[in-house]
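Working notes, beginning with the structure itself.
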Amino acid sequence: MSEPLDLAVRGGTVVTASDSVRCDIGLRGGRVAILAEDVPDAAEVIDASGLLVMPGGIDAHCHFSQPSYGGAVCADDFESATRSALCGGTTTTLSFATQVAGEPLRDTVAAYLASADGKAMVDYGVHLILVNATPQVLGQDLPALIKRGFTSLKLFMMYDGYHAEDKQIIETLDVANQEGALVMVHAENHACIDWLSHKLVAEGKTRPHHHAQSRPMAVEREATHRAIALAEVADAPLFVVHVSGREAIEQIAWAQSHGLPVYGETCPQYLFLTAEDMDRPGFEGAKFMCSPPPRDSANPEVLWRALTNGTLQILSSDHSPSRFDGPDGKKANGEDAPFTRIANGIPGVETRLPLMFSEGVSTGRITASEFVALTSTNPARMYGLAPAKGTIAVGSDADLTLWDPQRKTTLFNALLHHNVDFTPYEGREVTGWPVKTIARGELVWNDGVILARPGRGRFLARGTPEPVLQHQRRKGLKPGCPPTITMN
Ligand code: MN
Ligand code: MN
């Protein structure tokens, strides 16, 4: 007779990336202990009848507790961001530690981890952002950090002071691949944006909607193509973040059709917003500004196809918390500021899953299993968290989100738990709602009530991302560190 269960989730339909089955789940010690038609009595029982029981969401691309950029302060720290995450059914976040030029990378990372202490309410992994890939960084610091579980890093191909040149990108791809990490790129052409922005401002075209004109799809297409070519030359896998639409997708699909290990994500802002949203009167358009920008109204359909045919594997939020009002938000430089001086980025860590569930699962556009794959299982595999995260299996972490597929909710910022004073989805009705969130066996969100305590979330030292492992196997190289169920 085995030890008693801590918690039993009874009567629900358990959905994984492969199956939907009627079964109970027994949890013990923060993990899934039993999957069965009936589980024995437990200290606590949750009735999940009528609900879908899914792996907790993994938001693989969010920004919080980051240094300010362009006059705007990052409004969410680890506490408010992870609180917002769990209320939206997300049990794991991956956010970024940004290299500070002139400071040892390990110090930057230590400071970022310290900012999570006593604050994180769900488990978290950390990506690196490299802005200056010096020989010291590539030769010493990065390999050491990869061994400590920082197995992914982002490079920018744009933003003044941040963007990497082609040679740095190749060198970084090479080192990351050898050491077992995945490179993520923000693919937009720096020179084009710079030239177009100056031209637009000189012509007096400075309103929020001109932001979209400063970075048309060709800008993203070129950088995506170039990043793919650089990865091909370096013989390394590549992950393209926040793919906004058609022309970048064509590049990724082309790479995949040539057998190249190229992967990508998109975000709700490209599925549910368009460039026209930035046309709203006054300064309202600034609420929809992000990079790359939302595109034309035909574009979302292209993205849905890419998400369902496998070209793109992940839906992340790219949660970038700039407030709207106040001296350190989007209005920091005044409401007449040109678009070049308005903080980019929109919040979305809490709305990602409800929007996707509603527009994807409730409409029948995708299956519940496809939803789980895009929002939890694929991010876990892509970033070295599987199989402890991203699925419901015996031994996996008991990170579960219970969905009421019928519940209708109207999204208002007042309903959300981030520290941002707006949501771009204000007034939108969704069907399907995460009514309970369980994180490592603990009920942390119970239909409007937050039960988690700050500091309960743990740092996740991640294994080698699956694309890197697959690539090494194909090349007959010694595999790195395969993920295991006991990784934490
Ligand atoms: Mn980016
Ligand atoms: Mn981002």
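Every chain in the structure tokens has a letter given in the order shown (A, B, ...), and although residue numbers restart at 1 in each chain, ligands are simply numbered from 1 in the order shown.
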
Kindly assemble as a Markdown table a list of the chain A residues that lie within 9 Å of ligand 2, each paired with its nearest atom pair and their distance in Å to one decimal, using only C-alpha atoms and all ligand atoms, sorted first by chain and then by ascending residue number.
| residue | atom | partner | partner_atom_place_in_ligand_line | distance |
| --- | --- | --- | --- | --- |
| A:His61 | CA | ligand 2 | 1 (Mn) | 6.3 |
| A:Cys62 | CA | ligand 2 | 1 (Mn) | 6.3 |
| A:His63 | CA | ligand 2 | 1 (Mn) | 6.5 |
| A:Ser95 | CA | ligand 2 | 1 (Mn) | 8.9 |
| A:Phe96 | CA | ligand 2 | 1 (Mn) | 8.6 |
| A:His186 | CA | ligand 2 | 1 (Mn) | 7.8 |
| A:Val241 | CA | ligand 2 | 1 (Mn) | 7.7 |
| A:His242 | CA | ligand 2 | 1 (Mn) | 7.4 |
| A:Ser291 | CA | ligand 2 | 1 (Mn) | 8.3 |
| A:Ser317 | CA | ligand 2 | 1 (Mn) | 8.5 |
| A:Asp318 | CA | ligand 2 | 1 (Mn) | 4.8 |
| A:His319 | CA | ligand 2 | 1 (Mn) | 7.1 |
| A:Ser320 | CA | ligand 2 | 1 (Mn) | 6.8 |
| A:Gly345 | CA | ligand 2 | 1 (Mn) | 7.9 |

Exercise. Leaving out A:Asp279 and any residue of its chain fewer than 2 positions from it, which residues lie within 9 Å of it when counting only C-alpha atoms, given as an NGL selection string?
Worked result: :A and (207-210 or 275-277 or 281-282 or 284-285)

Any chance you can output those residues with N, CA and C atoms as a compact mmCIF listing (two decimals), in the first residue's frame?
# COMPACT_ATOMS: atom_id res chain seq x y z
N ARG A 207 2.93 59.69 -35.36
CA ARG A 207 1.91 59.13 -34.48
C ARG A 207 2.13 57.62 -34.24
N PRO A 208 1.47 57.09 -33.22
CA PRO A 208 1.68 55.66 -32.92
C PRO A 208 1.52 54.75 -34.14
N HIS A 209 0.55 55.06 -35.03
CA HIS A 209 0.36 54.12 -36.15
C HIS A 209 1.51 54.18 -37.16
N HIS A 210 2.31 55.24 -37.11
CA HIS A 210 3.49 55.26 -38.00
C HIS A 210 4.55 54.25 -37.58
N ALA A 275 -2.66 46.23 -37.37
CA ALA A 275 -2.03 47.55 -37.42
C ALA A 275 -3.07 48.66 -37.25
N GLU A 276 -4.31 48.38 -37.66
CA GLU A 276 -5.37 49.39 -37.54
C GLU A 276 -5.64 49.79 -36.09
N ASP A 277 -5.36 48.89 -35.16
CA ASP A 277 -5.56 49.24 -33.76
C ASP A 277 -4.70 50.43 -33.35
N PRO A 281 -7.82 57.12 -32.05
CA PRO A 281 -7.61 58.55 -31.85
C PRO A 281 -6.70 58.86 -30.66
N GLY A 282 -6.13 60.06 -30.71
CA GLY A 282 -5.27 60.53 -29.62
C GLY A 282 -4.08 59.62 -29.44
N GLU A 284 -4.31 56.71 -27.84
CA GLU A 284 -4.79 55.35 -27.60
C GLU A 284 -4.01 54.29 -28.38
N GLY A 285 -3.60 54.64 -29.60
CA GLY A 285 -2.89 53.69 -30.45
C GLY A 285 -1.63 53.13 -29.81

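Proximity to A:Asp235 at 10 Å, evaluated using only C-alpha atoms and with sequence-adjacent residues fewer than 2 positions away removed, yields Ile170, Leu173, Asp174, Asn177, Ala229, Leu230, Ala231, Glu232, Val233, Pro237, Leu238, Leu260, Pro261, His471 and Lys475 of chain A.
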
How would the residues just picked look written out with C-alpha atoms as a PDB file, in the first residue's frame?
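Full text of result_25.pdb as output:
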ATOM      1  CA  ILE A 170      27.367  33.196 -36.158  1.00  0.00           C
ATOM      2  CA  LEU A 173      25.144  30.201 -32.674  1.00  0.00           C
ATOM      3  CA  ASP A 174      28.272  28.062 -32.869  1.00  0.00           C
ATOM      4  CA  ASN A 177      25.166  24.689 -30.271  1.00  0.00           C
ATOM      5  CA  ALA A 229      21.312  31.567 -43.390  1.00  0.00           C
ATOM      6  CA  LEU A 230      23.653  32.326 -40.487  1.00  0.00           C
ATOM      7  CA  ALA A 231      22.324  29.322 -38.546  1.00  0.00           C
ATOM      8  CA  GLU A 232      22.787  27.152 -41.629  1.00  0.00           C
ATOM      9  CA  VAL A 233      26.388  28.325 -41.971  1.00  0.00           C
ATOM     10  CA  PRO A 237      19.394  25.141 -34.631  1.00  0.00           C
ATOM     11  CA  LEU A 238      17.592  28.475 -34.534  1.00  0.00           C
ATOM     12  CA  LEU A 260      17.064  22.989 -41.440  1.00  0.00           C
ATOM     13  CA  PRO A 261      16.348  22.903 -37.675  1.00  0.00           C
ATOM     14  CA  HIS A 471      20.599  18.105 -33.956  1.00  0.00           C
ATOM     15  CA  LYS A 475      25.191  14.764 -36.498  1.00  0.00           C
TER      16      LYS A 475
END

For this session: Write out as a list in words which residues come within 9 Å of A:Ser396 when counting only C-alpha atoms, dropping same-chain ones fewer than 4 positions away.
Result: Gly30, Arg31, Val32, Ala33, Ala386, Pro387, Ala388, Lys389, Gly390, Thr391, Ile392, Ile485 and Thr486 of chain A

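The residues of stretch 220-389 of chain A that DSSP assigns to strand (DSSP E) on this backbone come out as Leu238, Phe239, Val240, Val262, Tyr263, Gly264, Glu265, Thr266, Ile314 and Leu315 of chain A.
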
Exercise. Between A:Arg462, A:Arg10, A:Arg365, A:Lys167, which is the closest to A:Met382 once you count only C-alpha atoms?
Worked result: A:Arg462

Problem set entry | Residue contacts of A:Gly334 (10 Å, only C-alpha atoms) excluding same-chain residues fewer than 6 positions away, as a VMD selection string | chain A and resid 283 325 to 327 341 to 342

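You will find atom CA of A:Arg28 at 5.1 Å from atom CA of A:Asp6.
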
Problem set entry | Who sits within 12 Å of stretch 411-423 of chain A, only C-alpha atoms, same chain under 5 positions skipped, as an MDAnalysis selection string | chainID A and resid 64:65 73:88 269 273 284 286:289 319:326 328:330 345:352 354:355 358 428:433 445 448:450

For this session: Write out as a PyMOL selection string each polymer residue whose atoms come within 12 Å of A:Ser197, counting only C-alpha atoms; drop sequence neighbours fewer than 6 positions from it.
Result: chain A and resi 190-191+203-208+210-216+338-341

I need the residues from that last selection saved to file as a short mmCIF file (atom, residue, chain, number, x, y, z; two decimals), in the first residue's frame (with all heavy atoms), if you can.
data_model
loop_
_atom_site.label_atom_id
_atom_site.label_comp_id
_atom_site.auth_asym_id
_atom_site.auth_seq_id
_atom_site.Cartn_x
_atom_site.Cartn_y
_atom_site.Cartn_z
N HIS A 190 17.95 46.19 -38.62
CA HIS A 190 18.24 47.42 -37.87
C HIS A 190 18.34 48.64 -38.78
O HIS A 190 17.72 49.68 -38.51
CB HIS A 190 19.55 47.24 -37.11
CG HIS A 190 19.91 48.41 -36.25
ND1 HIS A 190 19.25 48.70 -35.09
CD2 HIS A 190 20.85 49.38 -36.41
CE1 HIS A 190 19.77 49.80 -34.56
NE2 HIS A 190 20.74 50.23 -35.34
N ALA A 191 19.10 48.54 -39.86
CA ALA A 191 19.35 49.70 -40.73
C ALA A 191 18.05 50.18 -41.39
O ALA A 191 17.81 51.38 -41.52
CB ALA A 191 20.39 49.35 -41.79
N GLU A 203 9.17 63.68 -42.09
CA GLU A 203 7.94 64.03 -42.82
C GLU A 203 6.79 64.36 -41.89
O GLU A 203 5.65 64.55 -42.34
CB GLU A 203 7.53 62.85 -43.73
CG GLU A 203 8.49 62.61 -44.90
CD GLU A 203 8.26 61.27 -45.59
OE1 GLU A 203 7.42 60.47 -45.12
OE2 GLU A 203 8.93 61.02 -46.61
N GLY A 204 7.07 64.39 -40.61
CA GLY A 204 6.03 64.71 -39.63
C GLY A 204 5.10 63.54 -39.34
O GLY A 204 4.04 63.71 -38.75
N LYS A 205 5.48 62.37 -39.79
CA LYS A 205 4.65 61.17 -39.54
C LYS A 205 5.13 60.51 -38.24
O LYS A 205 5.98 59.62 -38.27
CB LYS A 205 4.75 60.21 -40.72
CG LYS A 205 4.18 60.82 -42.00
CD LYS A 205 4.40 59.93 -43.20
CE LYS A 205 3.75 60.55 -44.43
NZ LYS A 205 4.20 59.92 -45.69
N THR A 206 4.59 60.99 -37.14
CA THR A 206 5.15 60.62 -35.84
C THR A 206 4.17 59.93 -34.91
O THR A 206 4.50 59.62 -33.78
CB THR A 206 5.64 61.90 -35.11
OG1 THR A 206 4.50 62.77 -34.93
CG2 THR A 206 6.70 62.63 -35.91
N ARG A 207 2.93 59.69 -35.36
CA ARG A 207 1.91 59.13 -34.48
C ARG A 207 2.13 57.62 -34.24
O ARG A 207 2.87 56.98 -34.99
CB ARG A 207 0.51 59.37 -35.07
CG ARG A 207 0.19 60.82 -35.35
CD ARG A 207 0.37 61.68 -34.11
NE ARG A 207 -0.56 61.34 -33.04
CZ ARG A 207 -0.38 61.63 -31.74
NH1 ARG A 207 0.71 62.24 -31.35
NH2 ARG A 207 -1.28 61.28 -30.85
N PRO A 208 1.47 57.09 -33.22
CA PRO A 208 1.68 55.66 -32.92
C PRO A 208 1.52 54.75 -34.14
O PRO A 208 2.30 53.80 -34.31
CB PRO A 208 0.62 55.37 -31.86
CG PRO A 208 0.49 56.66 -31.11
CD PRO A 208 0.63 57.74 -32.16
N HIS A 210 2.31 55.24 -37.11
CA HIS A 210 3.49 55.26 -38.00
C HIS A 210 4.55 54.25 -37.58
O HIS A 210 5.44 53.91 -38.37
CB HIS A 210 4.06 56.68 -38.08
CG HIS A 210 3.13 57.64 -38.75
ND1 HIS A 210 2.57 58.72 -38.10
CD2 HIS A 210 2.63 57.65 -40.01
CE1 HIS A 210 1.76 59.38 -38.93
NE2 HIS A 210 1.77 58.75 -40.10
N HIS A 211 4.43 53.80 -36.33
CA HIS A 211 5.34 52.74 -35.85
C HIS A 211 5.31 51.54 -36.80
O HIS A 211 6.36 50.99 -37.15
CB HIS A 211 4.91 52.32 -34.44
CG HIS A 211 5.61 51.11 -33.90
ND1 HIS A 211 6.92 51.13 -33.50
CD2 HIS A 211 5.17 49.84 -33.71
CE1 HIS A 211 7.26 49.92 -33.07
NE2 HIS A 211 6.22 49.13 -33.19
N ALA A 212 4.11 51.16 -37.24
CA ALA A 212 4.00 50.00 -38.13
C ALA A 212 4.70 50.27 -39.47
O ALA A 212 5.31 49.37 -40.05
CB ALA A 212 2.54 49.64 -38.36
N GLN A 213 4.61 51.53 -39.94
CA GLN A 213 5.25 51.86 -41.23
C GLN A 213 6.77 51.90 -41.13
O GLN A 213 7.46 51.85 -42.15
CB GLN A 213 4.72 53.21 -41.73
CG GLN A 213 3.24 53.18 -42.04
CD GLN A 213 2.71 54.57 -42.40
OE1 GLN A 213 3.44 55.42 -42.87
NE2 GLN A 213 1.43 54.78 -42.14
N SER A 214 7.28 52.05 -39.91
CA SER A 214 8.74 52.10 -39.75
C SER A 214 9.35 50.70 -39.79
O SER A 214 10.57 50.55 -39.79
CB SER A 214 9.09 52.78 -38.41
OG SER A 214 8.82 51.91 -37.32
N ARG A 215 8.52 49.68 -39.79
CA ARG A 215 9.02 48.30 -39.79
C ARG A 215 8.06 47.39 -40.54
O ARG A 215 7.41 46.53 -39.94
CB ARG A 215 9.28 47.83 -38.36
CG ARG A 215 8.12 48.13 -37.42
CD ARG A 215 8.49 47.91 -35.97
NE ARG A 215 9.31 48.97 -35.45
CZ ARG A 215 10.46 48.78 -34.80
NH1 ARG A 215 10.93 47.58 -34.58
NH2 ARG A 215 11.14 49.81 -34.34
N PRO A 216 7.94 47.58 -41.85
CA PRO A 216 7.06 46.71 -42.64
C PRO A 216 7.58 45.27 -42.67
O PRO A 216 8.69 44.99 -42.22
CB PRO A 216 7.10 47.34 -44.03
CG PRO A 216 8.37 48.12 -44.07
CD PRO A 216 8.64 48.56 -42.67
N PRO A 338 7.11 61.51 -30.65
CA PRO A 338 7.09 60.69 -31.86
C PRO A 338 7.13 59.20 -31.50
O PRO A 338 7.59 58.85 -30.42
CB PRO A 338 8.38 61.10 -32.58
CG PRO A 338 9.26 61.65 -31.51
CD PRO A 338 8.36 62.25 -30.48
N PHE A 339 6.64 58.37 -32.40
CA PHE A 339 6.57 56.93 -32.11
C PHE A 339 7.92 56.35 -31.72
O PHE A 339 7.99 55.37 -31.00
CB PHE A 339 5.97 56.18 -33.31
CG PHE A 339 6.84 56.15 -34.54
CD1 PHE A 339 7.82 55.18 -34.69
CD2 PHE A 339 6.70 57.11 -35.54
CE1 PHE A 339 8.65 55.15 -35.81
CE2 PHE A 339 7.52 57.08 -36.66
CZ PHE A 339 8.50 56.11 -36.79
N THR A 340 8.99 56.99 -32.20
CA THR A 340 10.34 56.49 -31.88
C THR A 340 10.67 56.66 -30.40
O THR A 340 11.62 56.06 -29.91
CB THR A 340 11.41 57.24 -32.70
OG1 THR A 340 11.16 58.66 -32.56
CG2 THR A 340 11.35 56.87 -34.17
N ARG A 341 9.88 57.51 -29.70
CA ARG A 341 10.16 57.75 -28.28
C ARG A 341 9.02 57.26 -27.39
O ARG A 341 8.87 57.70 -26.27
CB ARG A 341 10.48 59.23 -28.05
CG ARG A 341 11.72 59.68 -28.84
CD ARG A 341 12.10 61.12 -28.54
NE ARG A 341 12.54 61.27 -27.16
CZ ARG A 341 12.23 62.33 -26.40
NH1 ARG A 341 11.47 63.29 -26.87
NH2 ARG A 341 12.67 62.40 -25.16
#

Seminar exercise, completed: In Å and to one decimal, atom CA of A:Val15 is distant from atom CA of A:Pro405 by 12.5 Å

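Distance-wise, atom CA of A:Ile314 and atom CA of A:Leu374 end up 4.6 Å apart.
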